[in-house]
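S.K.: What follows is data33.cif; its format and atoms are mmCIF, C-alpha atoms and all ligand atoms.
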data_start
#
loop_
_atom_site.label_atom_id
_atom_site.label_comp_id
_atom_site.auth_asym_id
_atom_site.auth_seq_id
_atom_site.Cartn_x
_atom_site.Cartn_y
_atom_site.Cartn_z
CA MET A 1 0.00 0.00 0.00
CA ASN A 2 2.96 2.28 0.65
CA ASP A 3 4.72 1.64 -2.63
CA PHE A 4 5.10 3.69 -5.75
CA ILE A 5 3.11 2.37 -8.69
CA ILE A 6 4.87 2.96 -12.01
CA VAL A 7 3.19 2.00 -15.29
CA ASN A 8 3.92 2.57 -18.97
CA THR A 9 0.56 3.97 -19.99
CA LEU A 10 -2.17 5.93 -18.28
CA ASP A 11 -4.62 3.16 -19.11
CA GLU A 12 -2.87 0.89 -16.66
CA LEU A 13 -3.74 3.14 -13.73
CA ASP A 14 -6.95 2.87 -11.70
CA GLU A 15 -10.03 4.64 -13.06
CA GLU A 16 -10.03 7.39 -10.41
CA SER A 17 -6.42 8.32 -11.20
CA LYS A 18 -7.01 8.28 -14.94
CA GLN A 19 -10.01 10.57 -14.63
CA LEU A 20 -8.08 13.00 -12.45
CA VAL A 21 -5.20 13.13 -14.94
CA ARG A 22 -7.75 13.87 -17.69
CA LYS A 23 -9.08 16.77 -15.60
CA ALA A 24 -5.53 18.07 -15.17
CA GLN A 25 -5.02 17.75 -18.92
CA GLU A 26 -8.28 19.54 -19.74
CA THR A 27 -7.37 22.51 -17.59
CA LEU A 28 -4.00 23.01 -19.31
CA GLN A 29 -5.54 25.43 -21.77
CA HIS A 30 -6.00 27.90 -18.91
CA ALA A 31 -2.31 28.02 -18.07
CA TYR A 32 -0.62 31.39 -18.40
CA ALA A 33 2.86 30.38 -19.51
CA PRO A 34 4.06 32.89 -22.12
CA TYR A 35 7.66 32.71 -20.87
CA SER A 36 8.34 29.00 -20.43
CA LYS A 37 5.74 27.89 -23.01
CA PHE A 38 5.23 24.96 -20.65
CA SER A 39 1.62 24.60 -19.60
CA VAL A 40 0.86 22.65 -16.46
CA GLY A 41 -2.47 21.58 -15.04
CA ALA A 42 -3.15 20.15 -11.62
CA ALA A 43 -6.34 18.49 -10.42
CA LEU A 44 -7.25 17.72 -6.83
CA LEU A 45 -9.80 15.13 -5.80
CA LEU A 46 -11.30 16.42 -2.57
CA ASP A 47 -12.75 14.37 0.25
CA ASN A 48 -16.23 15.46 -0.85
CA ASP A 49 -15.42 14.06 -4.34
CA GLU A 50 -15.33 17.49 -5.96
CA VAL A 51 -12.41 18.31 -8.21
CA ILE A 52 -10.46 21.56 -7.97
CA THR A 53 -8.08 22.46 -10.77
CA GLY A 54 -5.19 24.89 -11.11
CA THR A 55 -2.76 25.96 -13.80
CA ASN A 56 0.65 27.58 -13.72
CA GLN A 57 0.55 31.36 -13.74
CA GLU A 58 3.73 33.09 -14.85
CA ASN A 59 4.86 36.70 -14.59
CA ALA A 60 7.32 38.99 -16.36
CA ALA A 61 9.13 39.08 -13.02
CA TYR A 62 9.84 35.36 -13.34
CA PRO A 63 10.17 34.21 -9.72
CA VAL A 64 6.77 35.48 -8.69
CA GLY A 65 4.94 33.04 -10.96
CA MET A 66 3.23 30.06 -9.38
CA CYS A 67 3.09 26.35 -10.21
CA ALA A 68 -0.19 24.66 -11.06
CA GLU A 69 -0.08 22.43 -7.98
CA ARG A 70 0.17 25.30 -5.54
CA VAL A 71 -2.46 27.35 -7.38
CA ALA A 72 -4.85 24.41 -6.99
CA LEU A 73 -3.95 23.68 -3.36
CA PHE A 74 -4.24 27.29 -2.22
CA ALA A 75 -7.54 27.66 -4.09
CA MET A 76 -8.86 24.57 -2.33
CA ALA A 77 -7.82 25.81 1.10
CA SER A 78 -9.39 29.20 0.42
CA ARG A 79 -12.66 27.97 -1.05
CA TYR A 80 -13.13 24.97 1.22
CA PRO A 81 -11.43 25.70 4.54
CA GLY A 82 -10.70 22.51 6.43
CA MET A 83 -11.38 20.29 3.43
CA GLY A 84 -9.03 17.37 2.83
CA LEU A 85 -7.93 15.82 -0.41
CA LYS A 86 -7.49 12.24 -1.58
CA LYS A 87 -5.41 12.67 -4.68
CA LEU A 88 -3.46 15.19 -6.75
CA ALA A 89 -2.73 14.70 -10.46
CA VAL A 90 -0.46 16.72 -12.73
CA ALA A 91 -0.35 16.94 -16.52
CA ALA A 92 1.84 19.16 -18.68
CA ARG A 93 2.45 20.06 -22.29
CA ASN A 94 5.01 22.16 -24.08
CA GLU A 95 4.04 24.08 -27.18
CA TYR A 96 6.00 21.86 -29.58
CA THR A 97 4.34 18.49 -29.02
CA LEU A 98 0.78 17.33 -28.94
CA SER A 99 1.27 14.60 -26.39
CA LEU A 100 1.76 15.25 -22.70
CA SER A 101 5.20 16.18 -21.40
CA PRO A 102 6.77 14.76 -18.27
CA ALA A 103 6.17 16.90 -15.21
CA THR A 104 6.96 15.74 -11.72
CA CYS A 105 6.16 18.18 -8.93
CA CYS A 106 8.97 20.61 -8.11
CA GLY A 107 10.59 20.75 -4.68
CA SER A 108 8.68 23.84 -3.57
CA CYS A 109 5.38 22.20 -4.44
CA ARG A 110 6.41 19.03 -2.60
CA GLN A 111 7.09 21.11 0.49
CA VAL A 112 3.65 22.71 0.27
CA MET A 113 1.99 19.37 -0.47
CA LEU A 114 3.62 17.89 2.61
CA GLU A 115 2.20 20.58 4.85
CA PHE A 116 -1.27 20.04 3.38
CA GLU A 117 -0.89 16.34 4.13
CA GLN A 118 0.14 17.05 7.71
CA ARG A 119 -2.69 19.54 8.20
CA GLN A 120 -5.26 16.98 7.14
CA ASN A 121 -3.49 14.23 9.06
CA LYS A 122 -3.80 11.66 6.30
CA ALA A 123 -1.92 10.85 3.13
CA PHE A 124 -3.03 11.77 -0.37
CA GLU A 125 -1.83 10.13 -3.57
CA VAL A 126 0.12 11.97 -6.24
CA VAL A 127 -0.07 11.02 -9.92
CA MET A 128 2.40 12.43 -12.43
CA GLN A 129 4.45 11.53 -15.49
CA ASN A 130 8.18 10.95 -15.12
CA LEU A 131 11.00 11.61 -17.58
CA ASP A 132 10.59 8.14 -19.11
CA HIS A 133 6.96 9.06 -19.85
CA LYS A 134 5.83 6.51 -17.29
CA TRP A 135 2.99 7.33 -14.96
CA VAL A 136 3.92 7.34 -11.32
CA LYS A 137 1.43 7.05 -8.49
CA ALA A 138 3.03 7.99 -5.18
CA PRO A 139 1.25 6.93 -1.99
CA SER A 140 1.76 10.28 -0.24
CA ALA A 141 3.39 13.70 -0.38
CA GLU A 142 5.71 12.51 2.36
CA SER A 143 7.04 9.75 0.12
CA LEU A 144 8.19 12.42 -2.34
CA LEU A 145 10.16 14.41 0.21
CA PRO A 146 12.31 12.33 2.56
CA PHE A 147 14.14 14.05 5.42
CA SER A 148 11.90 17.04 5.03
CA PHE A 149 11.72 20.18 7.09
CA THR A 150 8.40 20.45 8.90
CA LYS A 151 6.93 22.37 11.82
CA LEU A 152 7.62 19.36 14.04
CA GLY A 153 11.31 20.23 13.98
CA MET A 154 10.55 23.74 15.20
CA GLU A 155 8.62 22.41 18.15
CA ARG A 156 11.36 20.09 19.44
CA GLY A 157 14.37 21.03 21.56
N1 LIG B 1 5.58 24.12 -13.25
C1 LIG B 1 4.41 23.72 -12.66
O1 LIG B 1 3.40 24.43 -12.72
N2 LIG B 1 4.40 22.54 -12.00
C2 LIG B 1 5.43 21.65 -11.97
O2 LIG B 1 5.29 20.58 -11.39
C3 LIG B 1 6.69 21.98 -12.64
C4 LIG B 1 6.80 23.36 -13.18
C5 LIG B 1 5.57 25.37 -14.02
C6 LIG B 1 6.35 26.52 -13.45
C7 LIG B 1 6.63 27.33 -14.69
O3 LIG B 1 5.52 28.15 -14.97
C8 LIG B 1 6.75 26.31 -15.79
O4 LIG B 1 6.12 25.12 -15.29
C9 LIG B 1 8.18 25.99 -16.19
O5 LIG B 1 8.96 25.69 -15.10
#
Before we go any further, please render this structure as structure tokens.
Ligand code: THU

M.R.:
Amino acid sequence: MNDFIIVNTLDELDEESKQLVRKAQETLQHAYAPYSKFSVGAALLLDNDEVITGTNQENAAYPVGMCAERVALFAMASRYPGMGLKKLAVAARNEYTLSLSPATCCGSCRQVMLEFEQRQNKAFEVVMQNLDHKWVKAPSAESLLPFSFTKLGMERG
């Protein structure tokens, strides 16, 4: 139950994961990525079975842009305070190819995902495509960020 599932095609994943990836893919068109030309969509499956999506939002002052995952997570926390999530899926596309591009969550997003997981006190799955174009289903945010910095460290002597 705590293992990574890695498959060659999306079809080999469970139905819930496939559908969430499709939602992430559908929302790509709303990305604002004029600088990187790399559109990313994230979809969250909430505990109430609703889906919240987010896309990357870039800025001429590059570092102030925001990844799709964090846009979606912060939107969820704002719109549904206290709501948990079961799964996060990411899909990405560059402007040169029609098929999806690999996009595994960046370190900053993993840090934010971990805190969401700790706030809700239960794991959520993460589905994304790796550099080999395989689909990875991680059992938790924690599994993607070993030896992480969390508020627990701040509380201990
Ligand atoms: N990006 C995401 O939105 N999510 C990821 O997981 C990786 C990177 C965005 C940030 C930036 O707008 C563009 O992709 C290129 O890095």

S.K.: What residues have any atom no more than 7 Å from ligand LIG 1 (chain B) when counting only C-alpha atoms and all ligand atoms, and can you list them as a list of chain:residue names?

M.R.: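 Counting only C-alpha atoms and all ligand atoms, the residues within 7 Å of ligand LIG 1 (chain B) come out as A:Ala33, A:Ser36, A:Phe38, A:Ser39, A:Val40, A:Gly41, A:Thr55, A:Asn56, A:Gln57, A:Glu58, A:Gly65, A:Met66, A:Cys67, A:Ala68, A:Glu69, A:Ala103, A:Thr104, A:Cys105, A:Cys106.
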
S.K.: Find the distance between CA of Met113 in chain A and CA of Ser99 in chain A and write it in Å to one decimal.

M.R.: 26.4 Å

S.K.: Choose the residue, out of A:Lys86, A:Lys23, A:Lys37, A:His30, that has the smallest atom-to-atom separation from Phe124 in chain A; count only C-alpha atoms.

M.R.: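 Looking only at the distances to Phe124 in chain A, the closest residue turns out to be A:Lys86.
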
S.K.: Expressed in Å to a single decimal, how great is the separation between CA of Ala75 in chain A and CA of Glu16 in chain A?

M.R.: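 Going from CA of Ala75 in chain A over to CA of Glu16 in chain A, I get 21.4 Å.
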
S.K.: Report, in Å to a single decimal, how far apart CA of Arg156 in chain A and CA of Phe74 in chain A are.

M.R.: 27.6 Å

S.K.: Would you kindly identify which residues have an atom no farther than 12 Å from (3.8, 26.2, 2.7), using only C-alpha atoms and the file's own coordinates, and write them out as a ChimeraX atom specification?

M.R.: /A:69-71,73-74,77,107-119,149-151

S.K.: Extract, using only C-alpha atoms, all DNA, RNA and protein residues at most 12 Å from Glu50 in chain A, discarding same-chain residues fewer than 5 positions from it, and format them as JSON, numbers by chain.

M.R.: {"A": [20, 23, 43, 44, 45, 76, 79, 80, 83, 84, 85, 86, 87]}

S.K.: For each of A:Gln19, A:Gln29, A:Ser78, A:Asn130, take the minimum atom-to-atom distance to Val51 in chain A, counting all atoms listed in the file, then give the residue where this is smallest.

M.R.: A:Gln19

S.K.: Can you find the residues with an atom no farther than 7 Å from (0.5, 8.7, -5.1), counting only C-alpha atoms, and report them as a PyMOL selection string?

M.R.: chain A and resi 4+124-127+137-140

S.K.: Which is closer to Gln25 in chain A than all the others in A:Gln129, A:Asn48, A:Gln120, A:Thr9, using all atoms listed in the file?

M.R.: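 Of the candidates, the smallest distance to Gln25 in chain A is held by A:Gln129.
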
S.K.: Tell me which of A:Asp3, A:Ala31, A:Leu13, A:Lys122 sits closest to Asn59 in chain A, counting all atoms listed in the file.

M.R.: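 Of A:Asp3, A:Ala31, A:Leu13, A:Lys122, the one nearest Asn59 in chain A is A:Ala31, counting all atoms listed in the file.
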
S.K.: Here is a test: counting only C-alpha atoms, which residue of A:Ser101, A:Asn94, A:Asn2, A:Ser17 is nearest to His133 in chain A?

M.R.: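 Of all the options, A:Ser101 lies closest to His133 in chain A.
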
S.K.: In terms of the shortest atom-to-atom distance over all atoms listed in the file, which of A:Lys18, A:Ala60, A:Gly157, A:Thr53 is closest to Met128 in chain A?

M.R.: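 Counting all atoms listed in the file, the residue closest to Met128 in chain A is A:Lys18.
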
S.K.: Do you know which residues are at most 7 Å from Val7 in chain A counting only C-alpha atoms, after dropping those on the same chain fewer than 6 positions away, and could you put them as a list in words?

M.R.: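 After dropping sequence-adjacent residues, the list is Lys134, Trp135 and Val136 of chain A.
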